[in-house]
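Enquirer: So here's entry.cif (mmCIF, C-alpha atoms).
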data_run
#
loop_
_atom_site.label_atom_id
_atom_site.label_comp_id
_atom_site.auth_asym_id
_atom_site.auth_seq_id
_atom_site.Cartn_x
_atom_site.Cartn_y
_atom_site.Cartn_z
CA MET A 720 -1.75 -77.85 -41.59
CA ALA A 721 -3.18 -75.48 -39.05
CA GLY A 722 -0.81 -74.17 -36.42
CA LEU A 723 -1.18 -75.09 -32.73
CA ASP A 724 -2.55 -72.18 -30.68
CA LEU A 725 -0.82 -72.04 -27.31
CA ALA A 726 -2.40 -68.76 -26.22
CA TRP A 727 -4.57 -70.57 -23.68
CA LEU A 728 -1.64 -71.93 -21.66
CA ALA A 729 -1.56 -70.40 -18.17
CA VAL A 730 1.34 -69.69 -15.83
CA PHE A 731 0.86 -71.27 -12.41
CA ASP A 732 2.42 -70.46 -9.08
CA GLU A 733 3.50 -73.30 -6.79
CA ILE A 734 2.64 -73.84 -3.15
CA TYR A 735 5.21 -75.53 -0.97
CA ARG A 736 4.08 -77.23 2.23
CA THR A 737 6.51 -77.66 5.07
CA ARG A 738 6.30 -79.12 8.55
CA LEU A 739 6.61 -77.07 11.72
CA SER A 740 7.88 -78.87 14.78
CA ILE A 741 6.53 -77.74 18.14
CA THR A 742 8.75 -78.38 21.12
CA LEU A 743 7.32 -78.36 24.63
CA ASP A 744 10.60 -77.20 26.14
CA GLN A 745 9.29 -74.69 28.66
CA HIS A 746 8.22 -75.57 32.21
CA MET A 747 6.08 -72.98 33.99
CA THR A 748 5.60 -73.38 37.73
CA GLN A 749 4.04 -71.53 40.65
CA GLY A 750 4.53 -72.83 44.20
CA VAL A 751 3.26 -71.74 47.60
CA LYS A 752 4.14 -73.02 51.10
CA PHE A 753 2.08 -72.39 54.21
CA THR A 754 2.56 -73.51 57.80
CA ASP A 755 0.29 -75.30 60.24
CA GLU A 756 -0.24 -72.01 62.07
CA GLU A 757 -1.25 -70.20 58.89
CA GLU A 758 -3.67 -72.94 57.91
CA LYS A 759 -5.20 -73.02 61.41
CA PHE A 760 -5.51 -69.32 62.16
CA ASP A 761 -5.24 -67.40 58.87
CA LEU A 762 -6.63 -69.41 55.99
CA GLU A 763 -10.35 -69.65 55.45
CA SER A 764 -10.29 -71.35 52.04
CA TYR A 765 -7.39 -73.10 50.27
CA GLN A 766 -9.25 -72.87 46.98
CA ARG A 767 -9.98 -69.15 47.17
CA GLU A 768 -6.90 -67.82 48.96
CA ILE A 769 -4.12 -70.01 47.57
CA LEU A 770 -5.09 -72.08 44.53
CA ARG A 771 -7.03 -69.38 42.68
CA PRO A 772 -4.21 -66.78 42.94
CA GLN A 773 -1.76 -69.48 41.80
CA VAL A 774 -3.60 -70.32 38.59
CA GLN A 775 -4.21 -66.62 37.96
CA ALA A 776 -0.46 -66.04 38.29
CA ILE A 777 0.22 -68.79 35.74
CA ALA A 778 -2.27 -67.19 33.31
CA ARG A 779 -0.58 -63.79 33.72
CA LYS A 780 2.80 -65.42 33.05
CA PHE A 781 1.40 -66.79 29.80
CA ASP A 782 0.18 -63.28 28.92
CA ALA A 783 3.68 -61.91 29.46
CA LYS A 784 5.28 -64.66 27.36
CA ILE A 785 2.84 -64.07 24.50
CA ALA A 786 3.38 -60.31 24.67
CA THR A 787 7.13 -60.82 24.38
CA ALA A 788 6.66 -63.18 21.42
CA LEU A 789 4.39 -60.64 19.71
CA THR A 790 6.96 -57.89 20.17
CA ASN A 791 9.78 -60.04 18.79
CA TYR A 792 7.73 -61.48 15.92
CA THR A 793 9.20 -60.41 12.57
CA GLY A 794 6.65 -61.96 10.23
CA PHE A 795 3.56 -60.31 8.78
CA LYS A 796 2.25 -57.74 11.23
CA THR A 797 1.47 -54.04 11.24
CA THR A 798 2.78 -51.84 14.03
CA ASN A 799 4.42 -48.82 12.36
CA HIS A 800 1.27 -46.76 12.13
CA SER A 801 -0.38 -44.11 14.29
CA ILE A 802 -4.06 -43.60 15.08
CA ALA A 803 -5.56 -40.11 15.37
CA PRO A 804 -8.68 -40.68 17.49
CA GLY A 805 -10.40 -37.29 17.57
CA THR A 806 -14.16 -37.12 18.04
CA ASP A 807 -16.00 -40.13 16.66
CA VAL A 808 -18.96 -38.70 14.74
CA ASP A 809 -21.50 -41.44 13.90
CA GLY A 810 -18.68 -43.97 13.91
CA LYS A 811 -17.04 -42.38 10.90
CA THR A 812 -13.79 -41.35 12.59
CA ALA A 813 -13.14 -44.83 13.98
CA LEU A 814 -14.10 -46.44 10.68
CA ARG A 815 -11.84 -44.08 8.75
CA GLU A 816 -8.89 -44.88 11.02
CA ALA A 817 -9.66 -48.61 10.80
CA LEU A 818 -9.67 -48.42 7.00
CA LYS A 819 -6.31 -46.63 7.07
CA LEU A 820 -5.02 -49.37 9.33
CA LYS A 821 -6.37 -51.99 6.92
CA ALA A 822 -4.58 -50.28 4.02
CA LYS A 823 -1.34 -50.29 6.02
CA ALA A 824 -1.79 -54.01 6.76
CA ASP A 825 -2.36 -54.64 3.05
CA ALA A 826 0.86 -52.83 2.22
CA ASP A 827 2.76 -54.76 4.91
CA GLY A 828 1.62 -58.07 3.45
CA VAL A 829 -0.53 -59.17 6.39
CA PRO A 830 -2.67 -61.99 4.90
CA ALA A 831 -6.17 -60.79 4.09
CA GLY A 832 -8.82 -62.84 5.83
CA ARG A 833 -9.49 -63.16 9.52
CA ARG A 834 -7.14 -60.41 10.66
CA ILE A 835 -6.86 -59.57 14.34
CA LEU A 836 -6.57 -56.05 15.73
CA LEU A 837 -4.92 -56.44 19.11
CA ALA A 838 -5.57 -53.22 21.00
CA GLY A 839 -4.11 -51.86 24.21
CA ALA A 840 -6.46 -50.36 26.82
CA ASN A 841 -6.82 -46.87 25.31
CA VAL A 842 -7.00 -48.03 21.69
CA PHE A 843 -9.53 -50.73 22.56
CA ALA A 844 -11.72 -48.33 24.54
CA TRP A 845 -11.84 -45.89 21.62
CA PHE A 846 -12.68 -48.47 18.97
CA ALA A 847 -15.07 -50.42 21.21
CA ALA A 848 -17.14 -47.29 21.90
CA SER A 849 -17.65 -46.66 18.18
CA SER A 850 -20.90 -47.52 16.44
CA ALA A 851 -18.79 -48.66 13.48
CA VAL A 852 -17.84 -51.84 15.36
CA VAL A 853 -20.13 -54.82 14.81
CA THR A 854 -20.22 -56.37 18.28
CA TYR A 855 -20.53 -60.05 19.04
CA ASP A 856 -23.31 -61.59 21.07
CA PRO A 857 -22.09 -61.85 24.72
CA SER A 858 -23.68 -65.31 24.95
CA ALA A 859 -21.07 -66.54 22.45
CA ALA A 860 -18.17 -65.23 24.55
CA LYS A 861 -16.88 -68.70 25.39
CA THR A 862 -16.26 -69.37 21.73
CA VAL A 863 -14.63 -66.08 20.75
CA PHE A 864 -10.97 -66.04 21.77
CA ARG A 865 -11.46 -66.65 25.48
CA GLU A 866 -13.85 -63.75 25.97
CA GLY A 867 -11.38 -61.19 24.64
CA LEU A 868 -12.96 -60.74 21.21
CA PHE A 869 -15.28 -57.74 21.23
CA GLY A 870 -16.39 -57.17 17.65
CA ARG A 871 -15.36 -56.55 14.06
CA ILE A 872 -14.41 -53.46 12.09
CA ALA A 873 -12.96 -53.03 8.59
CA GLY A 874 -12.46 -56.79 8.25
CA MET A 875 -10.53 -57.04 11.52
CA ASP A 876 -11.52 -58.77 14.76
CA LEU A 877 -11.16 -56.24 17.59
CA PHE A 878 -9.45 -57.96 20.50
CA ASP A 879 -8.98 -56.55 24.01
CA ALA A 880 -5.23 -56.95 24.53
CA SER A 881 -4.96 -54.70 27.58
CA GLN A 882 -3.25 -57.59 29.41
CA LEU A 883 -0.69 -58.00 26.61
CA LEU A 884 0.11 -54.57 25.22
CA GLU A 885 0.73 -51.07 26.51
CA GLU A 886 -2.32 -48.82 26.66
CA ASN A 887 -1.61 -46.96 23.40
CA GLN A 888 -0.12 -49.91 21.52
CA PHE A 889 -1.84 -52.02 18.87
CA ILE A 890 -0.90 -54.76 16.41
CA VAL A 891 -2.65 -56.12 13.31
CA LEU A 892 -1.72 -59.68 12.39
CA ASP A 893 -3.03 -62.97 11.06
CA PRO A 894 -4.38 -65.54 13.57
CA SER A 895 -1.82 -68.07 12.32
CA TRP A 896 1.14 -65.94 13.38
CA SER A 897 2.25 -68.66 15.81
CA VAL A 898 1.50 -72.08 17.20
CA LEU A 899 1.26 -72.46 20.98
CA ALA A 900 1.15 -75.90 22.56
CA ASN A 901 0.42 -76.58 26.21
CA ALA A 902 0.10 -79.83 28.17
CA SER A 903 -0.22 -80.56 31.86
CA PRO A 904 2.12 -83.18 33.40
CA MET A 905 0.75 -86.43 34.78
CA VAL A 906 -0.23 -86.60 38.46
CA PRO A 907 2.39 -88.78 40.24
CA ALA A 908 1.03 -91.90 41.90
CA GLY A 909 2.96 -91.12 45.09
CA ILE A 910 1.27 -87.76 45.68
CA PRO A 911 -1.54 -87.68 48.30
CA TRP A 912 -3.65 -85.30 46.21
CA GLY A 913 -3.32 -83.97 42.70
CA ALA A 914 -5.47 -83.02 39.72
CA ARG A 915 -5.28 -81.86 36.13
CA SER A 916 -7.59 -79.06 35.05
CA THR A 917 -7.85 -75.99 32.82
CA TYR A 918 -7.96 -72.27 33.55
CA GLU A 919 -8.59 -69.66 30.83
CA GLY A 920 -7.87 -72.39 28.30
CA TRP A 921 -4.51 -73.42 29.81
CA SER A 922 -3.99 -77.04 30.86
CA LEU A 923 -2.53 -77.17 34.38
CA ARG A 924 -1.55 -79.70 37.03
CA VAL A 925 -2.14 -79.04 40.73
CA ILE A 926 -0.36 -80.95 43.50
CA ARG A 927 -0.88 -80.57 47.24
CA ALA A 928 1.36 -82.37 49.73
CA TYR A 929 2.74 -82.07 53.25
CA ASP A 930 6.44 -81.73 54.11
CA VAL A 931 6.96 -83.30 57.55
CA SER A 932 10.58 -82.08 57.68
CA TYR A 933 9.46 -78.45 57.85
CA ALA A 934 5.84 -78.89 58.97
CA THR A 935 4.57 -77.02 55.95
CA GLU A 936 1.91 -77.62 53.32
CA ARG A 937 2.96 -77.24 49.70
CA SER A 938 0.79 -76.28 46.75
CA LEU A 939 2.30 -76.53 43.27
CA VAL A 940 0.76 -75.54 39.94
CA ASN A 941 2.74 -76.28 36.79
CA THR A 942 2.53 -77.02 33.07
CA PHE A 943 4.61 -77.72 29.97
CA TRP A 944 4.38 -75.35 27.01
CA GLY A 945 6.05 -74.15 23.84
CA LEU A 946 5.44 -71.28 21.40
CA ASN A 947 6.66 -71.25 17.80
CA PRO A 948 6.13 -68.07 15.73
CA ILE A 949 5.42 -68.74 12.05
CA ALA A 950 7.08 -66.67 9.35
CA ASP A 951 5.31 -67.59 6.11
CA GLU A 952 7.60 -67.62 3.09
CA PHE A 953 5.78 -65.23 0.78
CA GLN A 954 7.95 -64.19 -2.18
CA ARG A 955 7.52 -62.03 -5.26
CA HIS A 956 9.54 -62.25 -8.44
CA THR A 957 12.09 -59.56 -9.20
CA ALA A 958 12.98 -58.83 -12.82
CA ALA A 959 16.02 -61.12 -12.50
CA THR A 960 14.23 -64.09 -10.90
CA ALA A 961 11.33 -63.80 -13.35
CA ALA A 962 13.75 -64.02 -16.27
CA THR A 963 15.59 -66.94 -14.68
CA ALA A 964 12.35 -68.85 -14.14
CA ALA A 965 11.70 -68.77 -17.91
CA ASP A 966 8.08 -69.80 -17.37
CA GLY A 967 6.30 -66.60 -18.34
CA SER A 968 6.61 -65.03 -14.90
CA GLU A 969 6.89 -61.28 -14.60
CA LYS A 970 8.26 -58.93 -12.01
CA GLY A 971 5.82 -58.76 -9.10
CA ASP A 972 4.32 -62.23 -9.59
#
Any chance you could put this one into structure tokens?

Expert:
Amino acid sequence: MAGLDLAWLAVFDEIYRTRLSITLDQHMTQGVKFTDEEEKFDLESYQREILRPQVQAIARKFDAKIATALTNYTGFKTTNHSIAPGTDVDGKTALREALKLKAKADADGVPAGRRILLAGANVFAWFAASSAVVTYDPSAAKTVFREGLFGRIAGMDLFDASQLLEENQFIVLDPSWSVLANASPMVPAGIPWGARSTYEGWSLRVIRAYDVSYATERSLVNTFWGLNPIADEFQRHTAATAATAADGSEKGD
């Protein structure tokens, strides 16, 4: 009787799927009060002089929160690397540095795919001026990361993070590094005027009411939000765990 050839049997890895709960436990607000005298003699436009600065302030607060989360993120990202700009000759210097950065990201385990290169003001200016960067069509700006995405180099999307990072700072990471949820509260029925709208992609609620006790107008902009960083569980076998598995695994699998 011929023997059974098992040489074709393969060793498979397993993928475990887990759930990530997102809690909207943060309440961001920005309020302004102004008097009858200010509205009569000083203000020319509520929309331009009060509401617009309010929503801009909320957007900057989000920038600061995201920057803090990026700094504290301990998952797959590359930061411990320096860039030596020098003179960019025909785009080769920038490309060479980008390839070094890519190699560092590979070594750090940053998932290969749609990597993001978040660049502070100076780093972004240097890369963006290089002919090695494949720029995006400006007409598509509304669909590329809220107008911050400039182009692509060495498999990384170059992102202007001058509002998030210091001028010489940069980070390479995967787009799925976190999940951010944002929802505007409902407009109360008892408020004379209120609305829900978006600004720079953030969902906001605006309320305007009058306080007769102090003869002041009140303008409030607020929203609910929550940010959950994701630390993917990527593991390799050691010699001991490979032997314990007893399934043909080897060190490094």

Enquirer: Starting from the PyMOL selection byres ((chain A and resi 779) around 12), expand the selection into actual residues of this file and give them as JSON, numbers by chain.

Expert: {"A": [747, 749, 772, 773, 774, 775, 776, 777, 778, 780, 781, 782, 783, 784, 785, 786, 881, 882, 883, 918, 919, 921]}

Enquirer: To one decimal place, how far is CA of Thr742 (chain A) from CA of Ser903 (chain A) in Å?

Expert: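 It comes out at 14.2 Å.
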
Enquirer: Grab the CA of Gly805 (chain A) to CA of Asp879 (chain A) distance for me, in Å with one decimal place.

Expert: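 Between these atoms lies a distance of 20.4 Å.
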
Enquirer: Just give me the residues with any atom within 7 Å of (7.2, -68.1, 14.6), file coordinates, counting only C-alpha atoms, written as a ChimeraX atom specification.

Expert: /A:792,896-897,947-950

Enquirer: Near Tyr765 (chain A), counting only C-alpha atoms, which residues have an atom at most 12 Å away, once you skip same-chain residues fewer than 3 positions from it, shown as a ChimeraX atom specification?

Expert: /A:751-753,757-759,761-762,768-773,927,936-938

Enquirer: Counting all atoms listed in the file, which of A:Pro804, A:Pro911, A:Gly794, A:Gly839 gets nearest to Asp827 (chain A)?

Expert: A:Gly794

Enquirer: Pick out the closest residue to Gly867 (chain A) from this set: A:Ala900, A:Leu836, A:Ala851, A:Arg924. Count only C-alpha atoms.

Expert: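 Looking at the shortest contact to Gly867 (chain A), the residue is A:Leu836.
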
Enquirer: I'd like the residues picked by the PyMOL selection byres ((chain A and resi 944) around 10) written out as a list of chain:residue names, using the chain letters and numbers from the file.

Expert: A:Ile741, A:Thr742, A:Leu743, A:Asp744, A:Gln745, A:His746, A:Met747, A:Phe781, A:Leu899, A:Ala900, A:Asn901, A:Ala902, A:Ser903, A:Trp921, A:Ser922, A:Asn941, A:Thr942, A:Phe943, A:Gly945, A:Leu946

Enquirer: Report, in Å to a single decimal, how far apart CA of Ser850 (chain A) and CA of Arg871 (chain A) are.

Expert: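 Here the two named atoms are 10.9 Å from each other.
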
Enquirer: Could you list, as number ranges by chain, every residue matched by the PyMOL selection byres ((chain A and resi 834) around 8) in this structure?

Expert: A: 829-833, 835-836, 874-876, 891-894
